[in-house]
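*Asks:* work.txt is reproduced below (compact mmCIF, C-alpha atoms and all ligand atoms).
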# COMPACT_ATOMS: atom_id res chain seq x y z
CA LEU A 1 11.08 9.38 -16.58
CA VAL A 2 7.75 9.24 -14.73
CA SER A 3 6.22 11.76 -17.08
CA ARG A 4 3.62 10.81 -19.64
CA SER A 5 5.60 12.80 -22.17
CA THR A 6 8.43 10.25 -22.00
CA LYS A 7 6.21 7.19 -22.48
CA ALA A 8 2.87 7.09 -24.24
CA THR A 9 1.68 3.71 -22.97
CA ASP A 10 0.53 2.96 -19.43
CA THR A 11 3.06 1.11 -17.30
CA VAL A 12 1.70 -2.23 -16.15
CA VAL A 13 3.35 -3.46 -12.96
CA ARG A 14 3.55 -7.23 -12.77
CA VAL A 15 3.60 -8.84 -9.36
CA GLY A 16 4.15 -12.45 -10.32
CA ASP A 17 1.16 -13.30 -12.50
CA VAL A 18 -0.88 -10.33 -11.25
CA SER A 19 -0.91 -7.23 -13.46
CA ILE A 20 -1.60 -3.82 -11.95
CA GLY A 21 -2.59 -0.98 -14.25
CA GLU A 22 -3.96 -3.10 -17.04
CA GLY A 23 -7.62 -2.22 -16.76
CA SER A 24 -9.41 -4.23 -14.13
CA PRO A 25 -8.63 -2.97 -10.60
CA VAL A 26 -6.37 -4.99 -8.31
CA HIS A 27 -6.99 -4.54 -4.61
CA ILE A 28 -4.60 -5.06 -1.72
CA PHE A 29 -6.01 -5.88 1.71
CA GLY A 30 -4.56 -7.14 4.97
CA PRO A 31 -3.69 -6.11 8.50
CA CYS A 32 -1.82 -2.95 9.43
CA ALA A 33 0.91 -4.97 11.13
CA VAL A 34 2.01 -8.59 11.15
CA GLU A 35 1.40 -9.69 14.74
CA SER A 36 1.44 -13.49 14.49
CA PHE A 37 1.09 -16.24 11.90
CA ASP A 38 -2.46 -17.02 13.01
CA GLN A 39 -3.54 -13.37 12.89
CA VAL A 40 -2.31 -12.92 9.31
CA ALA A 41 -3.51 -16.40 8.28
CA THR A 42 -7.09 -15.59 9.31
CA VAL A 43 -7.12 -12.60 6.97
CA ALA A 44 -5.18 -14.41 4.23
CA GLU A 45 -7.63 -17.30 4.17
CA HIS A 46 -10.54 -14.88 3.92
CA MET A 47 -8.93 -12.88 1.09
CA LYS A 48 -8.01 -16.01 -0.81
CA SER A 49 -11.61 -17.23 -0.58
CA LYS A 50 -12.78 -13.92 -2.04
CA GLY A 51 -10.40 -14.21 -4.96
CA PHE A 52 -7.85 -11.57 -4.01
CA ASP A 53 -4.22 -12.16 -4.94
CA ILE A 54 -2.15 -9.73 -2.88
CA LEU A 55 -1.95 -9.47 0.90
CA ARG A 56 -0.45 -6.62 2.90
CA GLY A 57 1.02 -6.57 6.43
CA GLY A 58 3.68 -4.42 8.07
CA ALA A 59 6.79 -6.06 9.53
CA PHE A 60 8.58 -2.76 10.12
CA LYS A 61 6.15 -0.20 11.51
CA PRO A 62 7.18 3.47 11.39
CA ARG A 63 5.16 4.59 14.41
CA THR A 64 4.68 8.18 15.51
CA SER A 65 5.75 7.29 19.06
CA PRO A 66 8.90 5.24 19.77
CA TYR A 67 6.99 3.57 22.62
CA GLU A 68 4.40 2.05 20.30
CA PHE A 69 4.67 -1.41 18.65
CA GLN A 70 7.46 -1.19 16.08
CA GLY A 71 6.63 -4.40 14.21
CA LEU A 72 8.14 -7.89 14.36
CA GLY A 73 10.89 -7.05 11.86
CA LYS A 74 12.55 -10.10 10.29
CA GLU A 75 10.20 -12.45 12.15
CA GLY A 76 7.33 -10.61 10.47
CA LEU A 77 8.92 -11.18 7.06
CA GLU A 78 9.26 -14.89 7.86
CA ILE A 79 5.56 -15.03 8.75
CA LEU A 80 4.68 -13.33 5.46
CA LEU A 81 6.72 -15.84 3.48
CA LYS A 82 4.95 -18.69 5.24
CA ILE A 83 1.60 -17.05 4.42
CA LYS A 84 2.64 -16.61 0.80
CA GLU A 85 3.51 -20.30 0.53
CA THR A 86 0.51 -21.59 2.49
CA TYR A 87 -2.14 -19.53 0.69
CA ASN A 88 -0.50 -18.91 -2.66
CA LEU A 89 -0.80 -15.15 -2.24
CA LYS A 90 1.58 -12.35 -3.16
CA VAL A 91 2.79 -10.36 -0.16
CA ILE A 92 3.68 -6.71 0.24
CA SER A 93 5.29 -5.06 3.26
CA GLU A 94 6.91 -1.77 4.13
CA ILE A 95 10.66 -1.41 4.44
CA VAL A 96 12.12 1.58 6.24
CA ALA A 97 15.88 1.47 5.67
CA PRO A 98 18.11 0.94 2.61
CA GLU A 99 19.62 -2.22 4.16
CA HIS A 100 16.13 -3.75 4.32
CA VAL A 101 16.11 -4.13 0.53
CA LYS A 102 18.55 -7.06 0.60
CA LEU A 103 17.07 -8.39 3.84
CA ALA A 104 13.45 -8.36 2.65
CA GLU A 105 13.95 -9.25 -1.02
CA PRO A 106 13.69 -13.05 -0.54
CA TYR A 107 10.45 -12.72 1.44
CA LEU A 108 8.35 -10.17 -0.44
CA ASP A 109 6.74 -9.76 -3.84
CA MET A 110 6.57 -5.99 -3.55
CA PHE A 111 8.20 -3.33 -1.35
CA GLN A 112 6.08 -0.63 0.24
CA ILE A 113 7.61 2.77 0.93
CA GLY A 114 5.49 4.50 3.56
CA ALA A 115 4.29 8.09 3.63
CA ARG A 116 6.91 9.03 6.24
CA ASN A 117 9.69 7.80 4.01
CA MET A 118 8.52 9.24 0.70
CA GLN A 119 11.50 11.58 0.75
CA ASN A 120 14.01 9.15 2.25
CA PHE A 121 16.10 9.47 -0.88
CA GLU A 122 18.67 6.80 0.04
CA LEU A 123 15.82 4.34 0.55
CA LEU A 124 14.26 5.37 -2.78
CA LYS A 125 17.59 4.89 -4.55
CA ALA A 126 18.05 1.49 -2.89
CA VAL A 127 14.67 0.15 -4.07
CA GLY A 128 15.41 1.74 -7.43
CA ARG A 129 18.39 -0.61 -7.77
CA SER A 130 16.15 -3.63 -7.09
CA ASP A 131 13.86 -5.05 -9.75
CA LYS A 132 11.01 -5.78 -7.36
CA PRO A 133 7.83 -3.69 -7.71
CA VAL A 134 7.60 -0.70 -5.38
CA PHE A 135 4.39 0.61 -3.84
CA LEU A 136 5.19 4.26 -3.10
CA LYS A 137 2.91 6.19 -0.75
CA ARG A 138 2.43 9.93 -0.92
CA GLY A 139 4.06 11.86 1.92
CA LEU A 140 1.91 13.32 4.69
CA SER A 141 2.30 16.85 3.33
CA ALA A 142 3.77 16.20 -0.08
CA THR A 143 2.64 18.05 -3.16
CA ILE A 144 1.86 16.01 -6.25
CA GLU A 145 5.03 17.38 -7.82
CA GLU A 146 7.12 16.17 -4.85
CA PHE A 147 5.37 12.79 -5.02
CA MET A 148 6.24 12.46 -8.69
CA MET A 149 9.86 13.43 -7.99
CA ALA A 150 10.07 10.76 -5.28
CA ALA A 151 8.98 8.20 -7.88
CA GLU A 152 11.55 9.71 -10.26
CA TYR A 153 14.30 8.73 -7.79
CA ILE A 154 13.25 5.07 -8.13
CA LEU A 155 12.94 5.13 -11.91
CA SER A 156 16.22 6.99 -12.31
CA GLU A 157 18.02 4.05 -10.68
CA GLY A 158 16.51 1.67 -13.22
CA ASN A 159 13.35 0.31 -11.57
CA SER A 160 10.20 1.39 -13.39
CA ASN A 161 7.89 -1.04 -11.57
CA VAL A 162 6.39 1.66 -9.40
CA ILE A 163 2.81 2.07 -8.17
CA LEU A 164 1.80 5.46 -6.78
CA CYS A 165 -0.52 5.42 -3.77
CA GLU A 166 -2.60 8.38 -2.63
CA ARG A 167 -3.11 7.88 1.14
CA GLY A 168 -4.49 11.23 2.26
CA ILE A 169 -2.75 14.46 3.12
CA ARG A 170 -2.63 16.75 6.15
CA THR A 171 -5.27 19.45 6.25
CA TYR A 172 -7.18 21.27 9.01
CA GLU A 173 -10.00 18.69 8.82
CA LYS A 174 -10.34 16.54 11.94
CA MET A 175 -13.35 14.34 11.14
CA THR A 176 -11.13 12.19 8.98
CA ARG A 177 -7.62 11.01 9.84
CA ASN A 178 -6.27 12.71 6.71
CA THR A 179 -7.92 14.29 3.70
CA LEU A 180 -8.26 12.00 0.70
CA ASP A 181 -7.06 14.06 -2.25
CA ILE A 182 -9.18 12.50 -4.95
CA SER A 183 -7.87 14.99 -7.51
CA ALA A 184 -4.46 13.36 -7.19
CA VAL A 185 -5.81 10.27 -8.95
CA PRO A 186 -6.70 11.77 -12.36
CA LEU A 187 -3.76 14.20 -12.11
CA LEU A 188 -1.25 11.40 -11.55
CA LYS A 189 -2.90 9.29 -14.26
CA GLN A 190 -2.63 12.18 -16.72
CA LYS A 191 0.85 13.40 -15.75
CA THR A 192 2.53 9.99 -15.32
CA HIS A 193 2.31 6.57 -16.97
CA LEU A 194 2.40 4.72 -13.61
CA PRO A 195 -0.47 2.82 -11.95
CA VAL A 196 -2.23 4.77 -9.20
CA MET A 197 -3.89 3.23 -6.16
CA VAL A 198 -5.78 4.70 -3.21
CA ASP A 199 -5.45 3.68 0.44
CA VAL A 200 -8.90 4.28 1.93
CA THR A 201 -7.83 3.28 5.45
CA HIS A 202 -5.10 5.82 6.22
CA SER A 203 -6.69 8.54 4.11
CA THR A 204 -10.04 8.48 5.89
CA GLY A 205 -9.60 6.60 9.16
CA VAL A 206 -13.40 6.29 9.16
CA LYS A 207 -14.77 2.85 8.34
CA GLU A 208 -18.27 4.14 7.50
CA ILE A 209 -17.04 6.11 4.48
CA MET A 210 -14.40 3.75 3.14
CA ALA A 211 -16.62 2.08 0.54
CA ASP A 212 -17.86 5.43 -0.81
CA CYS A 213 -14.30 6.75 -0.97
CA ALA A 214 -13.13 3.58 -2.71
CA ASN A 215 -15.88 4.00 -5.30
CA ALA A 216 -14.91 7.63 -5.79
CA ALA A 217 -11.28 6.60 -6.29
CA LEU A 218 -12.21 3.92 -8.82
CA ALA A 219 -14.50 6.34 -10.65
CA ALA A 220 -11.58 8.81 -10.78
CA GLY A 221 -9.45 6.17 -12.49
CA ALA A 222 -7.62 4.41 -9.66
CA ASP A 223 -6.06 1.07 -10.57
CA GLY A 224 -6.92 -0.44 -7.21
CA ILE A 225 -7.66 0.10 -3.55
CA MET A 226 -5.67 -0.66 -0.41
CA ALA A 227 -7.42 -1.14 2.93
CA GLU A 228 -6.61 -2.65 6.32
CA VAL A 229 -8.41 -5.71 7.65
CA HIS A 230 -7.75 -7.37 11.01
CA PRO A 231 -9.42 -10.38 12.67
CA ASP A 232 -9.74 -8.49 15.97
CA PRO A 233 -9.13 -4.75 15.45
CA VAL A 234 -9.98 -3.80 19.04
CA ASN A 235 -6.98 -5.77 20.24
CA ALA A 236 -4.71 -4.91 17.30
CA LEU A 237 -1.21 -3.67 18.11
CA SER A 238 -1.63 -0.70 15.73
CA ASP A 239 -4.43 1.29 14.09
CA GLN A 240 -7.17 -0.24 16.29
CA ALA A 241 -9.82 2.29 15.27
CA GLN A 242 -9.57 2.02 11.52
CA GLN A 243 -8.97 -1.62 10.63
CA MET A 244 -12.05 -3.45 9.36
CA THR A 245 -13.19 -6.74 10.86
CA LEU A 246 -13.78 -9.57 8.39
CA GLU A 247 -17.53 -8.87 8.62
CA GLU A 248 -17.03 -5.16 8.00
CA PHE A 249 -14.76 -6.04 5.12
CA ASP A 250 -17.42 -8.25 3.51
CA LYS A 251 -19.88 -5.36 3.61
CA PHE A 252 -17.23 -2.99 2.23
CA HIS A 253 -16.39 -5.45 -0.53
CA GLN A 254 -20.05 -5.87 -1.50
CA ASN A 255 -20.42 -2.12 -1.75
CA ILE A 256 -17.46 -1.36 -3.97
CA SER A 257 -17.87 -1.43 -7.70
C1 LIG B 1 0.78 1.48 6.14
O1 LIG B 1 0.20 1.36 5.05
O2 LIG B 1 1.04 0.51 6.86
C2 LIG B 1 1.14 2.83 6.61
C3 LIG B 1 1.89 3.00 7.70
O3 LIG B 1 0.63 3.83 5.88
P1 LIG B 1 1.22 5.30 5.60
O4 LIG B 1 2.68 5.13 5.31
O5 LIG B 1 0.42 5.75 4.42
O6 LIG B 1 0.95 6.10 6.83
MN MN B 2 -2.01 1.19 9.50
For the structure just supplied, provide its representation as structure tokens.
Ligand code: PEP
Ligand code: MN
*Replies:*
Amino acid sequence: LVSRSTKATDTVVRVGDVSIGEGSPVHIFGPCAVESFDQVATVAEHMKSKGFDILRGGAFKPRTSPYEFQGLGKEGLEILLKIKETYNLKVISEIVAPEHVKLAEPYLDMFQIGARNMQNFELLKAVGRSDKPVFLKRGLSATIEEFMMAAEYILSEGNSNVILCERGIRTYEKMTRNTLDISAVPLLKQKTHLPVMVDVTHSTGVKEIMADCANAALAAGADGIMAEVHPDPVNALSDQAQQMTLEEFDKFHQNIS
């Protein structure tokens, strides 16, 4: 079902009145995690003033260590809903368990499935039974074929509102957090009819190269960019090193095509 051979036209994913995959890129920015209303509001206000429509922020954080901040959970979803209503933005957040679909549905405009859950098949089937758009991230060590099959799980349950997100893969390289597989962008665009986006934050982990990588992704045909922005990254509860400040974001934004 994800294959180009089954559908000649590009799938356009509609998030409210925002269309992803229709030509002009749609970007998604926001903090790694929802920490407080004020923290998200600072970023939301900035994004709104720049004309962006979709804000990200994690309420359920799948952290490598169980001792690290796990997210605010339902309270985080409540903050996102308040942000959505206050700033007239669409909100996207990661869910990590099948039961979160029903829980999070009233709060979010789009579900994110994180890299670590790309092959959580029960979760994929659960979002597949919803009609909300799904932002599916490529697994840490997933092949493009496996990535496409993960999306197939969602479509096979009836939900074809899926956006594929390349977020870097594991390689031997240590100068970047992961290795941005730019070839995945044209490959996924050619092999599937789904929109493709690129997360420049988790793929690179290096702020200085994020704008160049975003431009490379857009030149390769990406339908949009995701990146993390935090009002005070040094004191963030997750991903301190890689979230852009509002000032760094402005520079990034000016430098992307
Ligand atoms: C995220 O986008 O918040 C995230 C945890 O990214 P990934 O699943 O790609 O690691
Ligand atoms: Mn993060």
*Asks:* Can you tell me which residues surround Thr64 in chain A at a distance of at most 12 Å, considering all atoms listed in the file, apart from same-chain residues fewer than 5 positions away, and format the answer as a list in words?
*Replies:*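 So, after excluding close chain neighbours, the residues are Phe69, Gln70, Ala115, Arg116, Ser238 and Asp239 of chain A.
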*Asks:* So that I have them on file, write out the residues from the current selection with C-alpha atoms, as an mmCIF file, in the coordinates of the input.
*Replies:*
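Printed below is part_19.cif as written:
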data_model
loop_
_atom_site.group_PDB
_atom_site.id
_atom_site.type_symbol
_atom_site.label_atom_id
_atom_site.label_comp_id
_atom_site.auth_asym_id
_atom_site.auth_seq_id
_atom_site.Cartn_x
_atom_site.Cartn_y
_atom_site.Cartn_z
ATOM 1 C CA PHE A 69 4.670 -1.410 18.650
ATOM 2 C CA GLN A 70 7.460 -1.190 16.080
ATOM 3 C CA ALA A 115 4.290 8.090 3.630
ATOM 4 C CA ARG A 116 6.910 9.030 6.240
ATOM 5 C CA SER A 238 -1.630 -0.700 15.730
ATOM 6 C CA ASP A 239 -4.430 1.290 14.090
#
*Asks:* Between CA of Glu157 in chain A and atom O4 of ligand LIG 1 (chain B), what is the distance in Å, rounded to a tenth?
*Replies:*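 So the two atoms, CA of Glu157 in chain A and atom O4 of ligand LIG 1 (chain B), lie 22.2 Å apart.
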*Asks:* Write out as AutoDock Vina command-line options an axis-aligned box for range 193-204 of chain A: all of its atoms listed in the file, 3 Å added on each side, centre and edge lengths in Å with one decimal.
*Replies:*
--center_x -3.8 --center_y 5.7 --center_z -5.4 --size_x 18.4 --size_y 11.7 --size_z 29.2
*Asks:* Per residue of range 215-234 of chain A within 9 Å of range 192-198 of chain A, what are the shortest atom pair and its distance in Å to one decimal, counting only C-alpha atoms, with rows by chain and residue number, as a tab-separated table?
*Replies:*
residue	atom	partner	partner_atom	distance
A:Ala217	CA	A:Val198	CA	6.6
A:Leu218	CA	A:Val198	CA	8.6
A:Gly221	CA	A:Val196	CA	8.1
A:Ala222	CA	A:Met197	CA	5.2
A:Asp223	CA	A:Met197	CA	5.4
A:Gly224	CA	A:Met197	CA	4.9
A:Ile225	CA	A:Val198	CA	5.0
A:Met226	CA	A:Val198	CA	6.0
A:Ala227	CA	A:Val198	CA	8.6
*Asks:* Kindly save the residues from that selection, with C-alpha atoms included, as a PDB file, in the frame of the given file.
*Replies:*
ATOM      1  CA  ALA A 217     -11.280   6.600  -6.290  1.00  0.00           C
ATOM      2  CA  LEU A 218     -12.210   3.920  -8.820  1.00  0.00           C
ATOM      3  CA  GLY A 221      -9.450   6.170 -12.490  1.00  0.00           C
ATOM      4  CA  ALA A 222      -7.620   4.410  -9.660  1.00  0.00           C
ATOM      5  CA  ASP A 223      -6.060   1.070 -10.570  1.00  0.00           C
ATOM      6  CA  GLY A 224      -6.920  -0.440  -7.210  1.00  0.00           C
ATOM      7  CA  ILE A 225      -7.660   0.100  -3.550  1.00  0.00           C
ATOM      8  CA  MET A 226      -5.670  -0.660  -0.410  1.00  0.00           C
ATOM      9  CA  ALA A 227      -7.420  -1.140   2.930  1.00  0.00           C
TER      10      ALA A 227
END
*Asks:* Do you know which residues are at most 8 Å from range 160-165 of chain A counting only C-alpha atoms, after dropping those on the same chain fewer than 4 positions away, and could you put them as a ChimeraX atom specification?
*Replies:* /A:11-14,128,131-138,151,154-155,194-199
*Asks:* Output as CSV one row per residue of chain A within 8 Å of ligand MN 2 (chain B): the closest atom pair and its distance in Å to one decimal place, counting all atoms listed in the file, sorted by chain and residue number ascending.
*Replies:*
residue,atom,partner,partner_atom,distance
A:Pro31,CA,B:MN2,MN,7.6
A:Cys32,CA,B:MN2,MN,4.1
A:Ala33,CA,B:MN2,MN,7.0
A:Thr201,CA,B:MN2,MN,7.4
A:His202,CA,B:MN2,MN,6.5
A:Glu228,CA,B:MN2,MN,6.8
A:Ser238,CA,B:MN2,MN,6.5
A:Asp239,CA,B:MN2,MN,5.2
A:Gln242,CA,B:MN2,MN,7.9
A:Gln243,CA,B:MN2,MN,7.6
*Asks:* Hey, which of A:Gln254, A:Asn120, A:Thr6, A:Ser130 ends up closest to Asn159 in chain A? Count all atoms listed in the file.
*Replies:* A:Ser130
*Asks:* Using all atoms listed in the file, which residues sit within 10 Å of Ala211 in chain A once same-chain residues fewer than 4 positions away are excluded, as a list in words?
*Replies:*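 The contact residues come out as Val200, Lys207, Asn215, Ala216, Ala217, Phe249, Lys251, Phe252, His253, Gln254, Asn255, Ile256 and Ser257 of chain A.
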*Asks:* Determine the nearest neighbour of Leu246 in chain A from the options A:Val229, A:Ala104, A:Leu55, A:Leu1, counting only C-alpha atoms.
*Replies:*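 Going through A:Val229, A:Ala104, A:Leu55, A:Leu1 one by one, the smallest distance to Leu246 in chain A is for A:Val229.
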*Asks:* Any idea what the distance is between CA of Gly51 in chain A and CA of Asp181 in chain A?
*Replies:*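 The value is 28.6 Å.
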*Asks:* In Å, rounded to a single decimal, give me how far CA of Met210 in chain A is from CA of Ser49 in chain A.
*Replies:*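 Calculated distance between CA of Ser49 in chain A and CA of Met210 in chain A is 21.5 Å.
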*Asks:* Could you check the closest approach to Ala41 in chain A for each of A:Gly114, A:Gly23, A:Pro231, A:Pro62 and tell me which residue wins, using all atoms listed in the file?
*Replies:*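 With all atoms listed in the file as the atom set, the closest residue is A:Pro231.
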*Asks:* Have a look at A:Val34, A:Leu81, A:Ile54, A:Ala220 and name the one nearest to ligand LIG 1 (chain B); count all atoms listed in the file.
*Replies:* A:Val34
*Asks:* Tell me which of A:Ser93, A:Ser36, A:Thr179, A:Gln119 sits closest to ligand LIG 1 (chain B), counting all atoms listed in the file.
*Replies:*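 Of all the options, A:Ser93 lies closest to ligand LIG 1 (chain B).
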*Asks:* Find the residue from A:Ala150, A:Leu123, A:Val40, A:Ile92 that sits nearest to Ala236 in chain A; use only C-alpha atoms when measuring.
*Replies:*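 Closest to Ala236 in chain A of all the choices is A:Val40.
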*Asks:* Might you pull out every residue within 6 Å of Thr204 in chain A, with only C-alpha atoms counted and same-chain residues fewer than 5 positions away left off, and present them as a PDB file with C-alpha atoms, in the coordinates of the input?
*Replies:*
ATOM      1  CA  THR A 176     -11.130  12.190   8.980  1.00  0.00           C
ATOM      2  CA  ARG A 177      -7.620  11.010   9.840  1.00  0.00           C
ATOM      3  CA  ASN A 178      -6.270  12.710   6.710  1.00  0.00           C
TER       4      ASN A 178
END
